[in-house]
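K.L.:
Compact mmCIF, C-alpha atoms, file entry.txt:
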```txt
# COMPACT_ATOMS: atom_id res chain seq x y z
CA MET A 189 36.21 -8.60 -11.36
CA SER A 190 32.43 -8.96 -11.15
CA PRO A 191 30.80 -8.06 -7.80
CA SER A 192 30.08 -10.84 -5.33
CA PRO A 193 26.47 -11.97 -4.70
CA VAL A 194 26.65 -10.35 -1.25
CA ALA A 195 27.72 -7.01 -2.75
CA MET A 196 25.02 -7.23 -5.41
CA ALA A 197 22.36 -7.94 -2.78
CA ALA A 198 23.58 -5.05 -0.63
CA ALA A 199 23.15 -2.67 -3.58
CA LEU A 200 19.49 -3.55 -4.06
CA PRO A 201 16.59 -2.23 -1.97
CA ARG A 202 15.48 -4.58 0.81
CA VAL A 203 11.73 -4.98 0.65
CA GLY A 204 9.98 -6.35 3.70
CA ILE A 205 7.00 -8.56 2.89
CA SER A 206 4.32 -9.32 5.48
CA LEU A 207 2.78 -12.64 4.48
CA GLY A 208 -0.87 -11.75 5.10
CA ASP A 209 -3.47 -14.40 5.91
CA VAL A 210 -1.82 -17.78 5.36
CA SER A 211 -5.25 -19.24 4.56
CA GLY A 212 -5.53 -16.84 1.62
CA ILE A 213 -3.56 -16.47 -1.58
CA GLY A 214 -0.82 -14.30 -0.06
CA PRO A 215 1.83 -17.02 0.38
CA GLU A 216 1.39 -18.53 -3.08
CA VAL A 217 1.32 -15.24 -5.03
CA THR A 218 4.34 -14.03 -3.06
CA ALA A 219 6.29 -17.18 -3.98
CA LEU A 220 5.28 -16.92 -7.63
CA ALA A 221 6.16 -13.23 -7.81
CA LEU A 222 9.56 -13.65 -6.15
CA ALA A 223 10.42 -16.41 -8.63
CA LYS A 224 10.17 -13.95 -11.53
CA PRO A 225 13.57 -12.76 -12.87
CA ALA A 226 12.41 -9.13 -13.07
CA VAL A 227 11.56 -9.14 -9.36
CA ARG A 228 14.76 -10.95 -8.34
CA ARG A 229 16.81 -8.35 -10.21
CA ALA A 230 15.00 -5.45 -8.53
CA LEU A 231 15.04 -6.21 -4.81
CA VAL A 232 16.12 -8.33 -1.88
CA PRO A 233 13.09 -9.88 -0.13
CA VAL A 234 12.70 -10.14 3.64
CA LEU A 235 9.63 -12.16 4.60
CA PHE A 236 7.72 -11.86 7.87
CA GLY A 237 5.45 -14.85 8.24
CA ASP A 238 4.75 -18.39 9.33
CA GLY A 239 7.57 -20.92 9.30
CA PRO A 240 5.65 -24.08 8.34
CA THR A 241 3.68 -22.21 5.66
CA LEU A 242 6.86 -20.86 4.08
CA ASP A 243 8.48 -24.29 4.28
CA GLY A 244 5.81 -25.47 1.84
CA PHE A 245 7.49 -23.49 -0.94
CA PRO A 246 10.89 -24.63 -2.27
CA LEU A 247 11.97 -21.03 -2.89
CA PHE A 248 11.48 -20.03 0.73
CA ARG A 249 13.23 -23.11 2.09
CA ARG A 250 16.41 -21.68 0.56
CA PHE A 251 16.10 -18.41 2.49
CA PRO A 252 17.94 -18.34 5.84
CA ARG A 253 15.83 -17.92 9.00
CA VAL A 254 16.94 -14.76 10.77
CA ALA A 255 15.92 -13.18 14.07
CA LEU A 256 14.38 -9.74 13.73
CA GLU A 257 17.24 -8.13 15.64
CA ASP A 258 19.82 -9.73 13.30
CA LEU A 259 18.36 -8.46 10.02
CA GLY A 260 20.91 -5.66 9.80
CA ARG A 261 23.70 -8.25 9.59
CA THR A 262 22.02 -10.31 6.85
CA PRO A 263 22.36 -8.63 3.44
CA GLY A 264 20.61 -11.28 1.33
CA PRO A 265 17.08 -12.70 1.22
CA ALA A 266 15.78 -13.74 4.63
CA VAL A 267 12.77 -15.08 6.50
CA VAL A 268 11.76 -13.76 9.91
CA GLU A 269 9.70 -16.60 11.36
CA VAL A 270 7.06 -14.79 13.40
CA THR A 271 4.77 -17.79 14.01
CA ARG A 272 4.68 -21.57 13.78
CA LEU A 273 1.00 -22.22 13.26
CA ALA A 274 -0.55 -25.66 13.67
CA GLN A 275 -1.76 -27.27 10.45
CA LYS A 276 -5.43 -26.55 11.25
CA HIS A 277 -4.73 -22.80 11.32
CA ARG A 278 -3.09 -22.65 7.89
CA VAL A 279 -5.49 -24.54 5.64
CA PRO A 280 -6.10 -22.71 2.34
CA GLY A 281 -9.58 -21.25 2.20
CA LYS A 282 -10.34 -21.92 5.89
CA PRO A 283 -9.33 -18.92 8.01
CA THR A 284 -9.20 -19.14 11.80
CA ARG A 285 -8.84 -16.76 14.73
CA GLU A 286 -5.28 -17.93 15.31
CA GLY A 287 -4.58 -17.09 11.71
CA GLY A 288 -6.12 -13.68 12.35
CA LYS A 289 -3.71 -13.04 15.23
CA ALA A 290 -0.81 -14.27 13.12
CA GLN A 291 -1.40 -12.02 10.12
CA TYR A 292 -1.50 -8.99 12.40
CA ALA A 293 1.74 -10.14 14.07
CA TYR A 294 3.50 -10.20 10.68
CA VAL A 295 2.57 -6.56 10.09
CA ARG A 296 3.83 -5.57 13.55
CA ALA A 297 7.12 -7.38 12.97
CA ALA A 298 7.55 -5.60 9.65
CA ILE A 299 6.87 -2.27 11.37
CA ASP A 300 9.64 -3.08 13.87
CA ALA A 301 12.02 -3.68 10.96
CA MET A 302 10.95 -0.39 9.34
CA ARG A 303 11.69 1.44 12.58
CA ALA A 304 15.08 -0.25 12.88
CA GLY A 305 15.97 0.73 9.33
CA THR A 306 16.61 -2.85 8.23
CA VAL A 307 14.13 -2.72 5.33
CA ASP A 308 13.91 0.01 2.69
CA ALA A 309 10.24 -0.54 1.83
CA LEU A 310 7.27 -2.68 2.84
CA CYS A 311 4.93 -4.71 0.64
CA THR A 312 1.94 -6.19 2.45
CA ALA A 313 0.18 -9.33 1.25
CA PRO A 314 -3.61 -9.37 1.74
CA VAL A 315 -5.07 -9.66 5.23
CA SER A 316 -8.62 -10.20 6.42
CA LYS A 317 -9.98 -7.34 8.53
CA GLU A 318 -12.76 -9.65 9.66
CA GLU A 319 -10.46 -12.42 10.89
CA ILE A 320 -8.11 -10.01 12.67
CA SER A 321 -11.10 -8.39 14.37
CA ARG A 322 -12.51 -11.82 15.31
CA ALA A 323 -9.20 -12.49 17.04
CA GLY A 324 -9.93 -9.53 19.33
CA ILE A 325 -7.65 -7.00 17.64
CA PRO A 326 -9.24 -3.69 16.54
CA PHE A 327 -8.17 -3.35 12.90
CA MET A 328 -9.45 -1.06 10.15
CA GLY A 329 -6.61 -1.69 7.69
CA HIS A 330 -2.88 -1.51 7.06
CA THR A 331 -3.06 2.20 6.29
CA GLU A 332 -4.49 3.07 9.70
CA VAL A 333 -2.10 0.79 11.61
CA LEU A 334 0.94 2.27 9.85
CA ALA A 335 -0.25 5.83 10.41
CA ASP A 336 -0.64 5.14 14.13
CA ALA A 337 2.69 3.32 14.39
CA PHE A 338 4.65 6.24 12.96
CA GLY A 339 2.48 9.05 14.29
CA VAL A 340 1.96 10.63 10.87
CA ASP A 341 -0.89 11.58 8.59
CA VAL A 342 -1.05 9.29 5.57
CA MET A 343 -3.08 8.82 2.42
CA MET A 344 -4.05 5.77 0.40
CA MET A 345 -3.34 6.09 -3.31
CA MET A 346 -4.17 3.59 -6.03
CA ASP A 347 -1.30 3.87 -8.52
CA GLY A 348 -2.25 2.37 -11.88
CA PRO A 349 -0.80 2.48 -15.38
CA ARG A 350 -3.58 4.81 -16.57
CA VAL A 351 -4.56 6.87 -13.51
CA ARG A 352 -3.51 7.53 -9.93
CA ILE A 353 -6.37 7.95 -7.46
CA ALA A 354 -5.85 9.05 -3.85
CA LEU A 355 -8.50 8.88 -1.12
CA ALA A 356 -9.53 11.68 1.22
CA THR A 357 -11.16 9.09 3.52
CA ASN A 358 -10.53 5.37 3.79
CA HIS A 359 -12.51 2.68 5.60
CA VAL A 360 -15.42 4.68 6.99
CA PRO A 361 -19.21 4.58 6.51
CA ILE A 362 -20.64 6.94 3.91
CA SER A 363 -22.86 8.43 6.63
CA ALA A 364 -19.72 9.72 8.38
CA LEU A 365 -18.30 11.55 5.36
CA PRO A 366 -19.84 15.02 5.87
CA LYS A 367 -18.27 15.31 9.34
CA LEU A 368 -14.91 13.86 8.28
CA LEU A 369 -14.37 16.16 5.31
CA THR A 370 -13.12 19.54 6.49
CA VAL A 371 -11.30 22.39 4.79
CA GLU A 372 -8.25 21.88 7.01
CA LYS A 373 -8.10 18.15 6.33
CA LEU A 374 -8.39 18.51 2.57
CA VAL A 375 -5.79 21.30 2.40
CA ALA A 376 -3.33 19.14 4.36
CA GLN A 377 -4.04 16.17 2.08
CA LEU A 378 -3.58 18.21 -1.08
CA GLN A 379 -0.25 19.46 0.26
CA LEU A 380 0.81 15.89 1.08
CA LEU A 381 -0.20 14.68 -2.39
CA SER A 382 1.72 17.49 -4.05
CA ARG A 383 4.81 16.96 -1.91
CA ALA A 384 4.82 13.17 -2.33
CA LEU A 385 4.34 13.14 -6.10
CA GLN A 386 6.60 16.04 -7.07
CA PRO A 387 9.75 13.83 -7.09
CA VAL A 388 7.87 11.23 -9.14
CA VAL A 389 6.57 13.52 -11.89
CA GLY A 390 9.45 16.01 -11.76
CA ARG A 391 7.28 19.09 -11.11
CA ARG A 392 4.31 20.20 -9.08
CA PRO A 393 1.66 17.54 -9.82
CA ARG A 394 -1.67 18.53 -11.31
CA ILE A 395 -4.43 17.30 -8.98
CA ALA A 396 -8.07 16.75 -9.95
CA VAL A 397 -10.33 17.03 -6.90
CA LEU A 398 -13.66 15.22 -7.07
CA GLY A 399 -16.90 16.43 -5.59
CA LEU A 400 -18.74 14.44 -2.95
CA ASN A 401 -22.27 14.73 -4.30
CA PRO A 402 -23.75 13.86 -7.71
CA HIS A 403 -22.68 16.42 -10.35
CA ALA A 404 -20.36 17.95 -7.72
CA GLY A 405 -23.41 19.33 -5.92
CA GLU A 406 -24.88 21.37 -8.81
CA GLY A 407 -23.90 24.66 -7.13
CA GLY A 408 -25.35 23.59 -3.80
CA MET A 409 -28.65 22.14 -5.08
CA LEU A 410 -27.56 18.53 -4.43
CA GLY A 411 -25.48 19.12 -1.32
CA ARG A 412 -23.42 21.91 0.25
CA GLU A 413 -20.05 20.14 0.71
CA GLU A 414 -18.61 21.37 -2.58
CA VAL A 415 -19.59 24.98 -1.81
CA GLU A 416 -18.67 25.04 1.88
CA VAL A 417 -15.75 22.59 2.14
CA ILE A 418 -14.21 21.20 -1.05
CA GLY A 419 -14.17 24.42 -3.09
CA PRO A 420 -12.68 26.52 -0.27
CA ALA A 421 -10.08 23.81 0.38
CA ILE A 422 -9.00 23.87 -3.28
CA ARG A 423 -8.63 27.67 -3.21
CA ALA A 424 -6.66 27.55 0.05
CA ALA A 425 -4.38 24.82 -1.32
CA ARG A 426 -3.76 26.78 -4.52
CA ALA A 427 -2.73 29.75 -2.37
CA LYS A 428 -0.06 27.40 -0.95
CA ARG A 429 1.21 26.59 -4.47
CA VAL A 430 -0.67 23.30 -4.84
CA ASP A 431 -1.88 22.79 -8.42
CA ALA A 432 -5.37 21.59 -7.49
CA HIS A 433 -8.48 21.78 -9.72
CA GLY A 434 -12.16 21.18 -9.03
CA PRO A 435 -14.54 20.19 -7.58
CA ILE A 436 -15.10 17.89 -10.56
CA PRO A 437 -18.03 15.45 -10.99
CA ALA A 438 -16.66 11.90 -10.75
CA ASP A 439 -18.85 10.42 -13.47
CA GLY A 440 -17.80 13.01 -16.01
CA LEU A 441 -14.11 12.74 -15.20
CA PHE A 442 -13.87 8.95 -15.40
CA ALA A 443 -16.00 8.73 -18.56
CA ARG A 444 -12.76 9.39 -20.48
CA PRO A 445 -10.09 7.66 -18.41
CA ASP A 446 -7.25 8.10 -20.90
CA GLU A 447 -7.81 11.83 -20.89
CA VAL A 448 -7.65 11.84 -17.08
CA GLY A 449 -4.11 10.50 -17.09
CA ALA A 450 -3.06 12.91 -19.82
CA LYS A 451 -4.48 15.97 -18.07
CA TYR A 452 -3.91 15.19 -14.38
CA ASP A 453 -1.15 13.47 -12.42
CA VAL A 454 -3.50 12.28 -9.67
CA VAL A 455 -7.17 12.39 -8.72
CA LEU A 456 -8.31 13.01 -5.13
CA ALA A 457 -11.52 11.05 -4.46
CA MET A 458 -13.65 11.88 -1.44
CA TYR A 459 -14.39 8.31 -0.33
CA HIS A 460 -13.32 4.70 -0.76
CA ASP A 461 -15.63 3.39 -3.49
CA GLN A 462 -15.57 6.64 -5.47
CA GLY A 463 -11.86 6.03 -5.99
CA LEU A 464 -11.45 2.27 -5.94
CA ILE A 465 -14.22 1.37 -8.39
CA PRO A 466 -12.62 3.23 -11.32
CA ALA A 467 -9.11 2.20 -10.25
CA LYS A 468 -10.01 -1.50 -10.25
CA ALA A 469 -12.21 -1.29 -13.34
CA LEU A 470 -9.47 0.36 -15.39
CA ASP A 471 -6.64 -2.04 -14.52
CA PHE A 472 -7.23 -4.44 -11.65
CA GLU A 473 -4.04 -6.48 -11.98
CA ARG A 474 -1.50 -3.69 -12.35
CA THR A 475 -2.93 -1.10 -9.96
CA VAL A 476 -0.93 -0.89 -6.73
CA ASN A 477 -2.07 0.43 -3.35
CA VAL A 478 0.56 2.94 -2.12
CA THR A 479 0.56 4.59 1.31
CA LEU A 480 1.76 8.19 1.09
CA GLY A 481 3.25 10.05 4.05
CA LEU A 482 5.21 7.23 5.71
CA PRO A 483 8.97 7.48 6.31
CA VAL A 484 9.34 4.14 4.48
CA PRO A 485 7.35 3.34 1.28
CA ARG A 486 4.54 0.82 1.61
CA THR A 487 2.70 -0.91 -1.21
CA SER A 488 0.14 -3.69 -1.55
CA PRO A 489 -1.60 -5.56 -4.36
CA ASP A 490 -5.09 -4.29 -5.02
CA HIS A 491 -6.96 -7.44 -4.01
CA GLY A 492 -8.01 -9.39 -0.95
CA THR A 493 -7.35 -12.84 0.52
CA ALA A 494 -9.40 -14.65 -2.17
CA TYR A 495 -10.20 -17.63 0.07
CA ALA A 496 -12.32 -19.23 -2.66
CA ILE A 497 -9.26 -19.89 -4.85
CA ALA A 498 -6.54 -20.19 -2.19
CA GLY A 499 -4.39 -23.26 -2.71
CA THR A 500 -5.86 -24.04 -6.15
CA GLY A 501 -2.92 -22.65 -8.12
CA THR A 502 -5.16 -20.33 -10.13
CA ALA A 503 -4.35 -17.00 -8.44
CA SER A 504 -2.48 -14.50 -10.59
CA CYS A 505 0.81 -13.20 -9.19
CA VAL A 506 0.81 -10.10 -11.41
CA PRO A 507 -0.67 -7.78 -8.74
CA MET A 508 1.95 -8.92 -6.22
CA MET A 509 4.72 -8.50 -8.78
CA GLU A 510 3.60 -4.97 -9.51
CA ALA A 511 3.38 -4.14 -5.80
CA LEU A 512 6.88 -5.51 -5.12
CA LEU A 513 8.42 -3.66 -8.05
CA LYS A 514 6.67 -0.44 -7.04
CA ALA A 515 8.00 -0.78 -3.48
CA ALA A 516 11.53 -1.23 -4.81
CA ARG A 517 11.24 1.80 -7.09
CA LEU A 518 9.89 4.00 -4.32
CA SER A 519 12.50 2.97 -1.76
CA GLU A 520 15.12 5.42 -0.64
CA ARG A 521 17.98 3.23 -1.78
CA ALA A 522 16.48 2.79 -5.25
CA ALA A 523 16.19 6.57 -5.49
CA ARG A 524 19.87 6.94 -4.55
CA PRO A 525 21.89 4.54 -6.73
CA GLY A 526 25.23 3.69 -5.18
CA ALA A 527 24.08 4.21 -1.60
CA ALA A 528 26.25 2.43 0.91
CA PRO A 529 25.11 -1.06 1.93
CA GLY A 530 23.90 -1.88 5.40
CA PRO A 531 20.88 -0.76 7.42
CA ARG A 532 19.53 2.64 6.57
CA ARG A 533 18.92 5.29 9.20
CA PRO A 534 15.86 4.38 11.28
CA PRO A 535 12.85 6.60 10.52
CA SER A 536 11.47 8.81 13.24
CA GLY A 537 8.13 7.88 14.75
CA ARG A 538 6.45 6.64 17.85
```
Would you write out, as structure tokens, the structure that this file holds?
P.N.:
Amino acid sequence: MSPSPVAMAAALPRVGISLGDVSGIGPEVTALALAKPAVRRALVPVLFGDGPTLDGFPLFRRFPRVALEDLGRTPGPAVVEVTRLAQKHRVPGKPTREGGKAQYAYVRAAIDAMRAGTVDALCTAPVSKEEISRAGIPFMGHTEVLADAFGVDVMMMMDGPRVRIALATNHVPISALPKLLTVEKLVAQLQLLSRALQPVVGRRPRIAVLGLNPHAGEGGMLGREEVEVIGPAIRAARAKRVDAHGPIPADGLFARPDEVGAKYDVVLAMYHDQGLIPAKALDFERTVNVTLGLPVPRTSPDHGTAYAIAGTGTASCVPMMEALLKAARLSERAARPGAAPGPRRPPSGR
């Protein structure tokens, strides 16, 4: 006898999806991605978003509406209706402050589900930091909110088909970098990178560590961070059995991107643009933003709200597909085939 649809759904990882800014492309790319057979076979979606917006998509009208506290009793696809925005606050390409409040509320609802153990992974559709901040909510990004919610140190990693690039710092001004980069911080990050990727690559990962300054400082002539901070951090991490190498000049390393992936399992960049420019240039559509260090995997497509094309039907769903599939692969249940159905044990955290 073939398994019932309920049993089949219970065997798949449940991926929570926060809808992002409903005035952006998040809702449409999510609908397109979830309609793909490869995605449907890989996961059970649980959406946290706006009821009227989701009603605009035939696929989502078929999903039952479920209260957050009842998710553990609903094994199949579901929608948690967090808001019911008025039409004027959900117009494609025209963000509002109410929409800013709403997109933050979807993330908080998803965090509640992560804490309750009713989702196995989280995939976040694009939000607007500007609109959330305009709504009066201090917001630097998903990564920072999730780190604070669970009381853990995390790292942002861009996981692409050719290279993986992690960031030592995230959404901070370049002027703040010298004070933010310390030996202790980098050693802890290198240990986290090694620990997080070892199950993925099947051994201690080989980590390329970039310098901060041009030419990795030229022995201190173009800056002292490599001599006083980055180099000592690499040596200290290696003493803790982390396979770290560097400091390496960024321009030289990324000049031969295919060799990077063959030689190293991940690159640690010192700041946002040093890492994201090569990651996006090498493969924008298939590179996925992964948050390392959380008790539940979190992924996101590597693009923003794209207001200019929202609602036009021209947005590609490939980045969202890749992010959803990556979330499913990273989830605890996907890593343990045959795990019992039902809510998983809630993660620890604040």
K.L.:
Contacts of A:Cys505 at 8 Å or less, counting all atoms listed in the file, minus same-chain residues fewer than 3 places along, as number ranges by chain?
P.N.:
A: 217-218, 220-221, 508-509
K.L.:
For stretch 332-336 of chain A, please output as a VMD selection string all residues within 10 Å (counting all atoms listed in the file; exclusion window: fewer than 4 positions along the same chain).
P.N.:
chain A and resid 292 295 to 296 299 326 to 328 340 to 344 358 to 359 479 to 482 486 537 to 538
K.L.:
Compare A:Arg202, A:Arg391, A:Arg423, A:Arg350 by their minimum atom-to-atom distance to A:Ala266, counting all atoms listed in the file, and give me the closest one.
P.N.:
A:Arg202
K.L.:
Report as a PyMOL selection string all protein, DNA and RNA residues lying within 10 Å of A:Asp347, evaluated on only C-alpha atoms, omitting residues in the same chain fewer than 2 positions from it.
P.N.:
chain A and resi 344-345+349-354+454+467+471+474-478+487+490+511+514
K.L.:
What lies within 8 Å of stretch 379-389 of chain A using all atoms listed in the file, ignoring chain neighbours under 4 positions off, as a PyMOL selection string?
P.N.:
chain A and resi 375+393+395+425+430-431+453+480-481
K.L.:
Using all atoms listed in the file, which of the listed residues (A:Gly324, A:Pro233, A:Gly390, A:Pro225) sits closest to A:Lys289?
P.N.:
A:Gly324
K.L.:
Counting all atoms listed in the file, write as a PDB file with C-alpha atoms, in the coordinates of the input all protein and nucleic acid residues lying at most 12 Å from (9.6, -18.3, 15.2) in the file's frame.
P.N.:
```
ATOM      1  CA  PHE A 236       7.720 -11.860   7.870  1.00  0.00           C
ATOM      2  CA  GLY A 237       5.450 -14.850   8.240  1.00  0.00           C
ATOM      3  CA  ASP A 238       4.750 -18.390   9.330  1.00  0.00           C
ATOM      4  CA  GLY A 239       7.570 -20.920   9.300  1.00  0.00           C
ATOM      5  CA  PRO A 240       5.650 -24.080   8.340  1.00  0.00           C
ATOM      6  CA  THR A 241       3.680 -22.210   5.660  1.00  0.00           C
ATOM      7  CA  LEU A 242       6.860 -20.860   4.080  1.00  0.00           C
ATOM      8  CA  ARG A 253      15.830 -17.920   9.000  1.00  0.00           C
ATOM      9  CA  VAL A 254      16.940 -14.760  10.770  1.00  0.00           C
ATOM     10  CA  ALA A 255      15.920 -13.180  14.070  1.00  0.00           C
ATOM     11  CA  LEU A 256      14.380  -9.740  13.730  1.00  0.00           C
ATOM     12  CA  VAL A 267      12.770 -15.080   6.500  1.00  0.00           C
ATOM     13  CA  VAL A 268      11.760 -13.760   9.910  1.00  0.00           C
ATOM     14  CA  GLU A 269       9.700 -16.600  11.360  1.00  0.00           C
ATOM     15  CA  VAL A 270       7.060 -14.790  13.400  1.00  0.00           C
ATOM     16  CA  THR A 271       4.770 -17.790  14.010  1.00  0.00           C
ATOM     17  CA  ARG A 272       4.680 -21.570  13.780  1.00  0.00           C
ATOM     18  CA  LEU A 273       1.000 -22.220  13.260  1.00  0.00           C
ATOM     19  CA  ALA A 290      -0.810 -14.270  13.120  1.00  0.00           C
ATOM     20  CA  ALA A 293       1.740 -10.140  14.070  1.00  0.00           C
ATOM     21  CA  TYR A 294       3.500 -10.200  10.680  1.00  0.00           C
ATOM     22  CA  ALA A 297       7.120  -7.380  12.970  1.00  0.00           C
TER      23      ALA A 297
END
```
K.L.:
So, with all atoms listed in the file as the atoms that count, which of A:Glu406, A:Glu257, A:Glu510, A:Glu416 lies closest to A:Ile436?
P.N.:
A:Glu406
K.L.:
Using Å and a single decimal, report how far atom CA of A:Thr284 sits from atom CA of A:Ile320.
P.N.:
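Separation of atom CA of A:Ile320 and atom CA of A:Thr284: 9.2 Å.
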K.L.:
Quick one: everything within 6 Å of A:Asp308, counting only C-alpha atoms, minus sequence neighbours fewer than 4 positions away in the same chain. Send it as a PyMOL selection string.
P.N.:
chain A and resi 201-203+519
K.L.:
Could you tell me how far atom CA of A:Ala457 sits from atom CA of A:Arg444, in Å to one decimal place?
P.N.:
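Result for atom CA of A:Arg444 versus atom CA of A:Ala457: 16.2 Å, one decimal.
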K.L.:
Do you have the atom CA of A:Gly329-atom CA of A:Lys317 distance handy?
P.N.:
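For atom CA of A:Gly329 relative to atom CA of A:Lys317, the distance reads 6.6 Å.
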K.L.:
Give the answer as one residue: which of A:Gly440, A:Arg394, A:Arg426, A:Pro366 has the shortest atom-to-atom distance to A:Gly411, using all atoms listed in the file?
P.N.:
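Using all atoms listed in the file, the shortest distance to A:Gly411 belongs to A:Pro366.
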K.L.:
Since the input has fewer atoms than a full residue there, write stretch 229-244 of chain A out with N, CA, C and O atoms, as a PDB file, in the frame of the given file.
P.N.:
```
ATOM      1  N   ARG A 229      15.801  -9.346  -9.842  1.00  0.00           N
ATOM      2  CA  ARG A 229      16.810  -8.350 -10.210  1.00  0.00           C
ATOM      3  C   ARG A 229      16.585  -7.009  -9.531  1.00  0.00           C
ATOM      4  O   ARG A 229      17.481  -6.167  -9.477  1.00  0.00           O
ATOM      5  N   ALA A 230      15.371  -6.780  -9.018  1.00  0.00           N
ATOM      6  CA  ALA A 230      15.000  -5.450  -8.530  1.00  0.00           C
ATOM      7  C   ALA A 230      15.131  -5.276  -7.029  1.00  0.00           C
ATOM      8  O   ALA A 230      15.236  -4.142  -6.547  1.00  0.00           O
ATOM      9  N   LEU A 231      15.131  -6.370  -6.265  1.00  0.00           N
ATOM     10  CA  LEU A 231      15.040  -6.210  -4.810  1.00  0.00           C
ATOM     11  C   LEU A 231      15.572  -7.432  -4.081  1.00  0.00           C
ATOM     12  O   LEU A 231      15.768  -8.502  -4.667  1.00  0.00           O
ATOM     13  N   VAL A 232      15.784  -7.239  -2.786  1.00  0.00           N
ATOM     14  CA  VAL A 232      16.120  -8.330  -1.880  1.00  0.00           C
ATOM     15  C   VAL A 232      14.921  -8.524  -0.938  1.00  0.00           C
ATOM     16  O   VAL A 232      14.558  -7.599  -0.211  1.00  0.00           O
ATOM     17  N   PRO A 233      14.282  -9.691  -0.953  1.00  0.00           N
ATOM     18  CA  PRO A 233      13.090  -9.880  -0.130  1.00  0.00           C
ATOM     19  C   PRO A 233      13.419 -10.289   1.307  1.00  0.00           C
ATOM     20  O   PRO A 233      14.325 -11.084   1.554  1.00  0.00           O
ATOM     21  N   VAL A 234      12.643  -9.733   2.235  1.00  0.00           N
ATOM     22  CA  VAL A 234      12.700 -10.140   3.640  1.00  0.00           C
ATOM     23  C   VAL A 234      11.272 -10.456   4.047  1.00  0.00           C
ATOM     24  O   VAL A 234      10.428  -9.555   4.098  1.00  0.00           O
ATOM     25  N   LEU A 235      10.998 -11.732   4.317  1.00  0.00           N
ATOM     26  CA  LEU A 235       9.630 -12.160   4.600  1.00  0.00           C
ATOM     27  C   LEU A 235       9.362 -12.236   6.104  1.00  0.00           C
ATOM     28  O   LEU A 235      10.195 -12.742   6.861  1.00  0.00           O
ATOM     29  N   PHE A 236       8.187 -11.764   6.496  1.00  0.00           N
ATOM     30  CA  PHE A 236       7.720 -11.860   7.870  1.00  0.00           C
ATOM     31  C   PHE A 236       6.479 -12.739   7.838  1.00  0.00           C
ATOM     32  O   PHE A 236       5.440 -12.329   7.304  1.00  0.00           O
ATOM     33  N   GLY A 237       6.590 -13.963   8.377  1.00  0.00           N
ATOM     34  CA  GLY A 237       5.450 -14.850   8.240  1.00  0.00           C
ATOM     35  C   GLY A 237       5.540 -16.097   9.082  1.00  0.00           C
ATOM     36  O   GLY A 237       6.202 -16.132  10.126  1.00  0.00           O
ATOM     37  N   ASP A 238       4.881 -17.136   8.605  1.00  0.00           N
ATOM     38  CA  ASP A 238       4.750 -18.390   9.330  1.00  0.00           C
ATOM     39  C   ASP A 238       5.739 -19.417   8.808  1.00  0.00           C
ATOM     40  O   ASP A 238       5.755 -19.706   7.598  1.00  0.00           O
ATOM     41  N   GLY A 239       6.540 -19.979   9.707  1.00  0.00           N
ATOM     42  CA  GLY A 239       7.570 -20.920   9.300  1.00  0.00           C
ATOM     43  C   GLY A 239       7.060 -22.120   8.529  1.00  0.00           C
ATOM     44  O   GLY A 239       7.512 -22.381   7.403  1.00  0.00           O
ATOM     45  N   PRO A 240       6.132 -22.897   9.072  1.00  0.00           N
ATOM     46  CA  PRO A 240       5.650 -24.080   8.340  1.00  0.00           C
ATOM     47  C   PRO A 240       4.991 -23.741   7.000  1.00  0.00           C
ATOM     48  O   PRO A 240       5.140 -24.492   6.033  1.00  0.00           O
ATOM     49  N   THR A 241       4.287 -22.614   6.929  1.00  0.00           N
ATOM     50  CA  THR A 241       3.680 -22.210   5.660  1.00  0.00           C
ATOM     51  C   THR A 241       4.767 -21.931   4.622  1.00  0.00           C
ATOM     52  O   THR A 241       4.691 -22.403   3.472  1.00  0.00           O
ATOM     53  N   LEU A 242       5.776 -21.192   5.007  1.00  0.00           N
ATOM     54  CA  LEU A 242       6.860 -20.860   4.080  1.00  0.00           C
ATOM     55  C   LEU A 242       7.663 -22.088   3.688  1.00  0.00           C
ATOM     56  O   LEU A 242       8.169 -22.185   2.567  1.00  0.00           O
ATOM     57  N   ASP A 243       7.766 -23.051   4.599  1.00  0.00           N
ATOM     58  CA  ASP A 243       8.480 -24.290   4.280  1.00  0.00           C
ATOM     59  C   ASP A 243       7.801 -25.081   3.166  1.00  0.00           C
ATOM     60  O   ASP A 243       8.414 -25.953   2.548  1.00  0.00           O
ATOM     61  N   GLY A 244       6.539 -24.777   2.904  1.00  0.00           N
ATOM     62  CA  GLY A 244       5.810 -25.470   1.840  1.00  0.00           C
ATOM     63  C   GLY A 244       6.194 -25.015   0.443  1.00  0.00           C
ATOM     64  O   GLY A 244       5.713 -25.593  -0.535  1.00  0.00           O
TER      65      GLY A 244
END
```
